[in-house]
Each structure stands twice: as C-alpha cells, then as structure tokens.
Amino acid sequence: MQISEDGYGTAEIAAWRGVHLFHFGMSSCSQKVRLYLRLKGIAWTGHPVDLAAHENYRPAFLAINPRGMVPVLVLDGAVHADSNAIITLLEERFPEPCLIPADRRAEIEDMLEAEDSLHHDLRHLSFRYVHGRSGSTKTPELMQVYRDHGRSDAEKASEIAFYERLARTGLDDETCRLSAARFRAAFDGFERRLADHPFLFGDRLTVIDIAWFVYAYRLHLGGYPLKRLHPRLHAWFAARCTTPGWEEEVVPPPALAEKIAAVRARQQADGQTMAAVMGLD
C-alpha cells in the first residue's frame, strides 16, 4: 500500500532519497523486511520506532502511517506500508538476487497472504508464551489517540478491534489453542513439502523461507516443540539459524532474552508451557 499520495507523510519525508525503513527490533513484520534487505544486499537507513514505548501511536508517526504499524518503507520520498507489499515492491526495484521467481510470483503472493492471515495468531502466542502476558498494555487514552489520528481503513479497524478484545477478555486457553492449531497445520504442510525439496518453495531460497523463518523463530522462543512435531522443518530452521545473518535479525536483545527465559522457566514450573496448554504433546 502506498500512502503518501493519500496525504500522509511529511514534506521532510517526501524529500528523502534512497531506501528508508521505520521499524522495531522485535516486530515480526519488521524482522521479515530487514532480513529481506540483508539477503538482497540493499543499502538502507533505519528509523527505529519503539513499540514498547508506544511511539507508533504518537501523532507524528500516525501522520506517516495512520495504521500505526511498522514497518514503513520510504522509497525516494514515497511512503509504503504492509511488509509483504514492501517486499514485492523492492523485488521489482532490486531484482537481483531473485527471491520471488517471476514465473511463480502469483503462488508466492498467495502464500504470503496466507502467512499474513496468521499475524494475529502469532500475537496471541507471542504475548502469552514469549512475553508472559494475557492482557493489553494499551490504555484507553492511548487507544483514543489511535482512533482520532488519520483516516481509518479495514486494517486499522482490525487493529482497534484486536486490542479492544484483548483489553476486554484477555487471552484465554481456547483462543491460544486455535492459534497454535493453525500454526501446526501450516507447519505440517511445510513438513510435507520438505520431504522432496530443501526449501519451503522448492529447490531455491525464496521470500517464503524468510517469512516463515521469522514465524518459526518467534514460536521457538515461546516453546513450540518444532523438533518433535516437525523434524524436517526443524532441520530447515536449524540450517537457517546457522547461516550468517539470519538469526541476527530476530534474536532478542540480552535484557529481553533474560525476561523470556524467566517466562519459560515459570511456565515450566507451573505446568503451563505452550505444549502442555495448547495440546501439542
């Protein structure tokens, strides 16, 4: 989605040349785009947005992207949102090395759309099993700022509904079980694919490997039993982790890694691990 033509962005940003990215370290969508940029060898300028401090809900950022989400790409002054749209745009501008084969583009776009449809499921499992919380950190006042700045669309309405529901009911076991089941079904599909091919989309590395590595790593942090349930997918994942540059884009910073380890230890002691509660045994 290009949004600068709709009146968003600023005069300063419109004057920027080259590739700029608004991003956050632990945002899965940001990780996907950063890893893509790394593998393509594209030079870019980063503009960190601290989601933990709710900088994405500040009016200055909502003027750039009224959806209040990262990543946001600024390419020669034009503002683009949505990680998969950003990647397909960059693939057109920087075709080598090829990560979206032209003759399979429609299939890859369908698979990226399916991956994107699991984004809220990833949040459910991340919030509860990586960060150890079941509620929202966004106050009613913050949500009102979000509603009031910029035009709404279906994506923004979905964000508002997600956080309103989270504040109202939290994350119960059944919601998380459904999310875990969706990921297990997707991973089962890749397990079958990997019986005949070394990569998730065939015999060559594509953007599908990037997208699902990010998801697999996040679920790995939350205790998803990847090796036991999907041994081929685990071998693929382990190979990516040992390939220079891949894990660097997704590994938590040391302070956060300590907190995640503490969450896992507490859940293990209480018998409340993802595998136990989500029926993944």
# chains A, B, ... in the order shown; residues from 1 in each chain; ligands from 1
>>> residues_around(residues="range 248-263 of chain A", least_positions_apart="4", cutoff="7 Å", atoms="only C-alpha atoms", output="PDB file with N, CA and C atoms, in the first residue's frame")
ATOM      1  N   MET A  26      11.790  -6.119  17.613  1.00  0.00           N
ATOM      2  CA  MET A  26      11.067  -7.368  17.843  1.00  0.00           C
ATOM      3  C   MET A  26       9.747  -7.453  17.092  1.00  0.00           C
ATOM      4  N   GLN A  31      11.180  -7.604  11.178  1.00  0.00           N
ATOM      5  CA  GLN A  31      12.239  -8.600  11.034  1.00  0.00           C
ATOM      6  C   GLN A  31      12.244  -9.192   9.629  1.00  0.00           C
ATOM      7  N   ARG A  34      13.687  -6.553   7.266  1.00  0.00           N
ATOM      8  CA  ARG A  34      15.119  -6.369   7.489  1.00  0.00           C
ATOM      9  C   ARG A  34      15.919  -7.552   6.956  1.00  0.00           C
ATOM     10  N   LEU A  35      15.438  -8.759   7.189  1.00  0.00           N
ATOM     11  CA  LEU A  35      16.144  -9.936   6.694  1.00  0.00           C
ATOM     12  C   LEU A  35      16.142  -9.961   5.172  1.00  0.00           C
ATOM     13  N   VAL A 130       5.788 -15.863  24.956  1.00  0.00           N
ATOM     14  CA  VAL A 130       7.093 -15.215  24.861  1.00  0.00           C
ATOM     15  C   VAL A 130       7.204 -14.109  25.910  1.00  0.00           C
ATOM     16  N   HIS A 131       6.164 -13.280  26.004  1.00  0.00           N
ATOM     17  CA  HIS A 131       6.204 -12.145  26.929  1.00  0.00           C
ATOM     18  C   HIS A 131       5.484 -12.415  28.247  1.00  0.00           C
ATOM     19  N   GLY A 132       4.721 -13.495  28.317  1.00  0.00           N
ATOM     20  CA  GLY A 132       4.107 -13.876  29.577  1.00  0.00           C
ATOM     21  C   GLY A 132       2.976 -12.988  30.036  1.00  0.00           C
ATOM     22  N   VAL A 214      10.944 -16.234  10.309  1.00  0.00           N
ATOM     23  CA  VAL A 214      10.595 -15.270  11.356  1.00  0.00           C
ATOM     24  C   VAL A 214       9.511 -15.847  12.266  1.00  0.00           C
ATOM     25  N   GLN A 267       6.624 -20.881  33.449  1.00  0.00           N
ATOM     26  CA  GLN A 267       5.591 -21.713  32.833  1.00  0.00           C
ATOM     27  C   GLN A 267       5.928 -23.198  32.971  1.00  0.00           C
TER      28      GLN A 267
END
>>> select_by_dssp(residues="range 44-242 of chain A", states="helix (DSSP H, G or I)", output="PDB file with C-alpha atoms, in the first residue's frame")
ATOM      1  CA  GLU A  55       5.918   5.566  19.805  1.00  0.00           C
ATOM      2  CA  ASN A  56       3.866   4.213  16.914  1.00  0.00           C
ATOM      3  CA  TYR A  57       0.757   5.831  18.445  1.00  0.00           C
ATOM      4  CA  PRO A  59       0.681  11.826  16.258  1.00  0.00           C
ATOM      5  CA  ALA A  60       3.999  12.349  14.471  1.00  0.00           C
ATOM      6  CA  PHE A  61       4.170   8.696  13.452  1.00  0.00           C
ATOM      7  CA  LEU A  62       0.435   8.413  12.745  1.00  0.00           C
ATOM      8  CA  SER A  83       5.507  -5.773   4.932  1.00  0.00           C
ATOM      9  CA  ASN A  84       4.556  -8.076   2.052  1.00  0.00           C
ATOM     10  CA  ALA A  85       3.705  -5.147  -0.216  1.00  0.00           C
ATOM     11  CA  ILE A  86       7.048  -3.580   0.709  1.00  0.00           C
ATOM     12  CA  ILE A  87       8.897  -6.769  -0.202  1.00  0.00           C
ATOM     13  CA  THR A  88       7.165  -7.197  -3.569  1.00  0.00           C
ATOM     14  CA  LEU A  89       7.850  -3.532  -4.389  1.00  0.00           C
ATOM     15  CA  LEU A  90      11.530  -3.881  -3.515  1.00  0.00           C
ATOM     16  CA  GLU A  91      11.768  -7.061  -5.582  1.00  0.00           C
ATOM     17  CA  GLU A  92      10.674  -5.065  -8.625  1.00  0.00           C
ATOM     18  CA  ARG A  93      13.165  -2.280  -7.901  1.00  0.00           C
ATOM     19  CA  ALA A 102       8.751 -14.214 -11.813  1.00  0.00           C
ATOM     20  CA  ASP A 103       7.161 -17.421 -13.109  1.00  0.00           C
ATOM     21  CA  ARG A 104       5.903 -18.325  -9.608  1.00  0.00           C
ATOM     22  CA  ARG A 105       5.007 -14.865  -8.371  1.00  0.00           C
ATOM     23  CA  ALA A 106       1.260 -15.480  -8.083  1.00  0.00           C
ATOM     24  CA  GLU A 107       1.832 -18.611  -6.000  1.00  0.00           C
ATOM     25  CA  ILE A 108       4.276 -16.824  -3.733  1.00  0.00           C
ATOM     26  CA  GLU A 109       1.904 -13.907  -3.251  1.00  0.00           C
ATOM     27  CA  ASP A 110      -0.851 -16.347  -2.280  1.00  0.00           C
ATOM     28  CA  MET A 111       1.478 -17.967   0.251  1.00  0.00           C
ATOM     29  CA  LEU A 112       2.467 -14.583   1.654  1.00  0.00           C
ATOM     30  CA  GLU A 113      -1.200 -13.707   2.028  1.00  0.00           C
ATOM     31  CA  ALA A 114      -1.756 -16.961   3.923  1.00  0.00           C
ATOM     32  CA  GLU A 115       1.222 -16.167   6.142  1.00  0.00           C
ATOM     33  CA  ASP A 116      -0.126 -12.687   6.826  1.00  0.00           C
ATOM     34  CA  HIS A 119      -0.394 -12.469  12.175  1.00  0.00           C
ATOM     35  CA  HIS A 120      -2.931 -12.127  14.995  1.00  0.00           C
ATOM     36  CA  ASP A 121      -2.383 -15.782  15.865  1.00  0.00           C
ATOM     37  CA  LEU A 122       1.324 -15.057  16.217  1.00  0.00           C
ATOM     38  CA  ARG A 123       0.475 -12.164  18.526  1.00  0.00           C
ATOM     39  CA  HIS A 124      -1.682 -14.422  20.699  1.00  0.00           C
ATOM     40  CA  LEU A 125       1.127 -16.921  21.196  1.00  0.00           C
ATOM     41  CA  SER A 126       3.845 -14.264  21.468  1.00  0.00           C
ATOM     42  CA  PHE A 127       2.027 -12.240  24.093  1.00  0.00           C
ATOM     43  CA  ARG A 128       1.262 -15.249  26.274  1.00  0.00           C
ATOM     44  CA  TYR A 129       4.240 -17.558  25.796  1.00  0.00           C
ATOM     45  CA  VAL A 130       7.093 -15.215  24.861  1.00  0.00           C
ATOM     46  CA  PRO A 140      -7.988   3.651  26.805  1.00  0.00           C
ATOM     47  CA  GLU A 141      -6.408   7.093  26.376  1.00  0.00           C
ATOM     48  CA  LEU A 142      -3.775   5.690  24.039  1.00  0.00           C
ATOM     49  CA  MET A 143      -6.392   3.864  22.004  1.00  0.00           C
ATOM     50  CA  GLN A 144      -8.376   7.094  21.693  1.00  0.00           C
ATOM     51  CA  VAL A 145      -5.327   8.853  20.245  1.00  0.00           C
ATOM     52  CA  TYR A 146      -5.029   5.994  17.767  1.00  0.00           C
ATOM     53  CA  ARG A 147      -8.660   6.299  16.718  1.00  0.00           C
ATOM     54  CA  ASP A 148      -8.556  10.074  16.379  1.00  0.00           C
ATOM     55  CA  ALA A 154     -10.185  -2.140   7.333  1.00  0.00           C
ATOM     56  CA  GLU A 155      -6.668  -2.835   8.592  1.00  0.00           C
ATOM     57  CA  LYS A 156      -6.806  -0.104  11.226  1.00  0.00           C
ATOM     58  CA  ALA A 157     -10.315  -1.170  12.274  1.00  0.00           C
ATOM     59  CA  SER A 158      -8.972  -4.706  12.718  1.00  0.00           C
ATOM     60  CA  GLU A 159      -6.158  -3.395  14.929  1.00  0.00           C
ATOM     61  CA  ILE A 160      -8.590  -1.448  17.087  1.00  0.00           C
ATOM     62  CA  ALA A 161     -10.874  -4.477  17.425  1.00  0.00           C
ATOM     63  CA  PHE A 162      -7.923  -6.720  18.335  1.00  0.00           C
ATOM     64  CA  TYR A 163      -6.730  -4.533  21.205  1.00  0.00           C
ATOM     65  CA  GLU A 164     -10.240  -3.770  22.442  1.00  0.00           C
ATOM     66  CA  ARG A 165     -10.938  -7.504  22.618  1.00  0.00           C
ATOM     67  CA  LEU A 166      -7.594  -8.117  24.341  1.00  0.00           C
ATOM     68  CA  ALA A 167      -8.358  -5.465  26.964  1.00  0.00           C
ATOM     69  CA  ARG A 168     -11.863  -6.801  27.479  1.00  0.00           C
ATOM     70  CA  THR A 169     -11.300 -10.565  27.661  1.00  0.00           C
ATOM     71  CA  ASP A 173      -6.733 -21.002  26.600  1.00  0.00           C
ATOM     72  CA  GLU A 174      -9.170 -21.668  23.771  1.00  0.00           C
ATOM     73  CA  THR A 175      -8.080 -18.618  21.753  1.00  0.00           C
ATOM     74  CA  CYS A 176      -4.445 -19.667  22.047  1.00  0.00           C
ATOM     75  CA  ARG A 177      -5.266 -23.302  21.238  1.00  0.00           C
ATOM     76  CA  LEU A 178      -6.897 -22.237  17.986  1.00  0.00           C
ATOM     77  CA  SER A 179      -3.863 -20.128  17.098  1.00  0.00           C
ATOM     78  CA  ALA A 180      -1.481 -22.983  17.886  1.00  0.00           C
ATOM     79  CA  ALA A 181      -3.597 -25.360  15.800  1.00  0.00           C
ATOM     80  CA  ARG A 182      -3.417 -23.019  12.799  1.00  0.00           C
ATOM     81  CA  PHE A 183       0.359 -22.900  13.025  1.00  0.00           C
ATOM     82  CA  ARG A 184       0.589 -26.652  13.465  1.00  0.00           C
ATOM     83  CA  ALA A 185      -1.455 -27.151  10.291  1.00  0.00           C
ATOM     84  CA  ALA A 186       0.772 -24.730   8.365  1.00  0.00           C
ATOM     85  CA  PHE A 187       3.926 -26.402   9.685  1.00  0.00           C
ATOM     86  CA  ASP A 188       2.536 -29.827   8.749  1.00  0.00           C
ATOM     87  CA  GLY A 189       2.156 -28.545   5.189  1.00  0.00           C
ATOM     88  CA  PHE A 190       5.779 -27.420   5.087  1.00  0.00           C
ATOM     89  CA  GLU A 191       6.864 -30.724   6.623  1.00  0.00           C
ATOM     90  CA  ARG A 192       5.373 -32.487   3.595  1.00  0.00           C
ATOM     91  CA  ARG A 193       6.986 -30.018   1.171  1.00  0.00           C
ATOM     92  CA  VAL A 207      10.959 -14.902   0.353  1.00  0.00           C
ATOM     93  CA  ILE A 208       8.742 -17.693   1.733  1.00  0.00           C
ATOM     94  CA  ASP A 209      11.743 -19.008   3.663  1.00  0.00           C
ATOM     95  CA  ILE A 210      12.305 -15.538   5.094  1.00  0.00           C
ATOM     96  CA  ALA A 211       8.693 -15.058   6.170  1.00  0.00           C
ATOM     97  CA  TRP A 212       8.336 -18.444   7.834  1.00  0.00           C
ATOM     98  CA  PHE A 213      11.748 -18.360   9.473  1.00  0.00           C
ATOM     99  CA  VAL A 214      10.595 -15.270  11.356  1.00  0.00           C
ATOM    100  CA  TYR A 215       7.406 -17.019  12.479  1.00  0.00           C
ATOM    101  CA  ALA A 216       9.219 -20.237  13.397  1.00  0.00           C
ATOM    102  CA  TYR A 217      11.796 -18.350  15.445  1.00  0.00           C
ATOM    103  CA  ARG A 218       9.128 -16.476  17.394  1.00  0.00           C
ATOM    104  CA  LEU A 219       7.262 -19.695  18.204  1.00  0.00           C
ATOM    105  CA  HIS A 220      10.578 -21.325  19.112  1.00  0.00           C
ATOM    106  CA  LEU A 221      11.070 -18.551  21.692  1.00  0.00           C
ATOM    107  CA  LEU A 226       9.207 -27.796  16.491  1.00  0.00           C
ATOM    108  CA  LYS A 227      11.790 -30.588  16.515  1.00  0.00           C
ATOM    109  CA  ARG A 228       9.399 -33.190  17.941  1.00  0.00           C
ATOM    110  CA  LEU A 229       6.369 -32.347  15.801  1.00  0.00           C
ATOM    111  CA  PRO A 231      11.566 -32.817  12.248  1.00  0.00           C
ATOM    112  CA  ARG A 232      12.156 -31.802   8.621  1.00  0.00           C
ATOM    113  CA  LEU A 233      11.006 -28.272   9.299  1.00  0.00           C
ATOM    114  CA  HIS A 234      13.230 -28.177  12.364  1.00  0.00           C
ATOM    115  CA  ALA A 235      16.251 -29.209  10.264  1.00  0.00           C
ATOM    116  CA  TRP A 236      15.406 -26.433   7.767  1.00  0.00           C
ATOM    117  CA  PHE A 237      15.052 -23.979  10.656  1.00  0.00           C
ATOM    118  CA  ALA A 238      18.347 -25.042  12.250  1.00  0.00           C
ATOM    119  CA  ALA A 239      20.124 -24.572   8.917  1.00  0.00           C
ATOM    120  CA  ARG A 240      18.784 -21.029   8.657  1.00  0.00           C
ATOM    121  CA  CYS A 241      19.859 -20.262  12.235  1.00  0.00           C
TER     122      CYS A 241
END
>>> closest_residue(among="A:Lys138, A:His230, A:Arg151, A:His47", to="Ala63 in chain A", atoms="only C-alpha atoms")
A:Arg151
>>> select_by_dssp(residues="range 54-233 of chain A", states="strand (DSSP E)", output="list in words")
Val72, Leu73, Val74, Leu75, Ala78, Val79, His80 and Ala81 of chain A
>>> closest_residue(among="A:Leu194, A:Ala81, A:Ala53, A:Met274", to="Leu21 in chain A", atoms="only C-alpha atoms")
A:Ala81
>>> residues_around(residues="Cys98 in chain A", least_positions_apart="3", cutoff="9 Å", atoms="only C-alpha atoms", output="list in words")
Lys40, Glu91, Phe94, Pro95, Pro101, Ala102, Leu205 and Thr206 of chain A
>>> write_last_selection(atoms="C-alpha atoms", output="tab-separated table (two decimals), in the first residue's frame")
chain	number	residue	atom	x	y	z
A	40	LYS	CA	19.27	-8.73	-1.14
A	91	GLU	CA	11.77	-7.06	-5.58
A	94	PHE	CA	16.04	-4.62	-6.94
A	95	PRO	CA	15.54	-7.87	-8.90
A	101	PRO	CA	10.78	-16.00	-9.14
A	102	ALA	CA	8.75	-14.21	-11.81
A	205	LEU	CA	15.63	-19.95	-1.40
A	206	THR	CA	12.71	-17.53	-1.70
>>> residues_around(residues="Ser30 in chain A", least_positions_apart="4", cutoff="7 Å", atoms="only C-alpha atoms", output="PyMOL selection string")
chain A and resi 23-24+34+70-71
>>> write_last_selection(atoms="all heavy atoms", output="PDB file, in the first residue's frame")
ATOM      1  N   HIS A  23      11.060   0.934  11.705  1.00  0.00           N
ATOM      2  CA  HIS A  23      10.983  -0.461  12.128  1.00  0.00           C
ATOM      3  C   HIS A  23      11.183  -0.564  13.633  1.00  0.00           C
ATOM      4  O   HIS A  23      11.557   0.405  14.301  1.00  0.00           O
ATOM      5  CB  HIS A  23      12.050  -1.289  11.404  1.00  0.00           C
ATOM      6  CG  HIS A  23      13.450  -0.918  11.809  1.00  0.00           C
ATOM      7  ND1 HIS A  23      14.214  -1.697  12.645  1.00  0.00           N
ATOM      8  CD2 HIS A  23      14.219   0.172  11.498  1.00  0.00           C
ATOM      9  CE1 HIS A  23      15.394  -1.112  12.838  1.00  0.00           C
ATOM     10  NE2 HIS A  23      15.422   0.020  12.148  1.00  0.00           N
ATOM     11  N   PHE A  24      10.923  -1.767  14.159  1.00  0.00           N
ATOM     12  CA  PHE A  24      11.145  -2.071  15.574  1.00  0.00           C
ATOM     13  C   PHE A  24      11.824  -3.429  15.658  1.00  0.00           C
ATOM     14  O   PHE A  24      11.479  -4.358  14.912  1.00  0.00           O
ATOM     15  CB  PHE A  24       9.813  -2.088  16.326  1.00  0.00           C
ATOM     16  CG  PHE A  24       9.928  -2.471  17.785  1.00  0.00           C
ATOM     17  CD1 PHE A  24      10.671  -1.698  18.659  1.00  0.00           C
ATOM     18  CD2 PHE A  24       9.283  -3.610  18.272  1.00  0.00           C
ATOM     19  CE1 PHE A  24      10.776  -2.040  20.006  1.00  0.00           C
ATOM     20  CE2 PHE A  24       9.380  -3.964  19.612  1.00  0.00           C
ATOM     21  CZ  PHE A  24      10.127  -3.167  20.486  1.00  0.00           C
ATOM     22  N   ARG A  34      13.687  -6.553   7.266  1.00  0.00           N
ATOM     23  CA  ARG A  34      15.119  -6.369   7.489  1.00  0.00           C
ATOM     24  C   ARG A  34      15.919  -7.552   6.956  1.00  0.00           C
ATOM     25  O   ARG A  34      16.992  -7.371   6.346  1.00  0.00           O
ATOM     26  CB  ARG A  34      15.411  -6.162   8.971  1.00  0.00           C
ATOM     27  CG  ARG A  34      14.922  -4.847   9.552  1.00  0.00           C
ATOM     28  CD  ARG A  34      15.632  -4.524  10.858  1.00  0.00           C
ATOM     29  NE  ARG A  34      15.595  -5.631  11.790  1.00  0.00           N
ATOM     30  CZ  ARG A  34      14.700  -5.785  12.759  1.00  0.00           C
ATOM     31  NH1 ARG A  34      13.709  -4.913  12.889  1.00  0.00           N
ATOM     32  NH2 ARG A  34      14.770  -6.808  13.580  1.00  0.00           N
ATOM     33  N   VAL A  70       4.469  -0.781  12.060  1.00  0.00           N
ATOM     34  CA  VAL A  70       5.732  -0.889  11.340  1.00  0.00           C
ATOM     35  C   VAL A  70       5.792  -2.302  10.742  1.00  0.00           C
ATOM     36  O   VAL A  70       5.115  -3.211  11.222  1.00  0.00           O
ATOM     37  CB  VAL A  70       6.928  -0.642  12.288  1.00  0.00           C
ATOM     38  CG1 VAL A  70       6.966   0.793  12.748  1.00  0.00           C
ATOM     39  CG2 VAL A  70       6.932  -1.599  13.475  1.00  0.00           C
ATOM     40  N   PRO A  71       6.594  -2.428   9.678  1.00  0.00           N
ATOM     41  CA  PRO A  71       7.495  -1.453   9.080  1.00  0.00           C
ATOM     42  C   PRO A  71       6.769  -0.499   8.142  1.00  0.00           C
ATOM     43  O   PRO A  71       5.677  -0.780   7.649  1.00  0.00           O
ATOM     44  CB  PRO A  71       8.474  -2.327   8.296  1.00  0.00           C
ATOM     45  CG  PRO A  71       7.625  -3.488   7.854  1.00  0.00           C
ATOM     46  CD  PRO A  71       6.692  -3.756   9.004  1.00  0.00           C
TER      47      PRO A  71
END
>>> atom_distance(atom1="CA of Met278 in chain A", atom2="CA of Ser28 in chain A")
21.8 Å
>>> atom_distance(atom1="CA of Val277 in chain A", atom2="CA of Thr139 in chain A")
28.5 Å
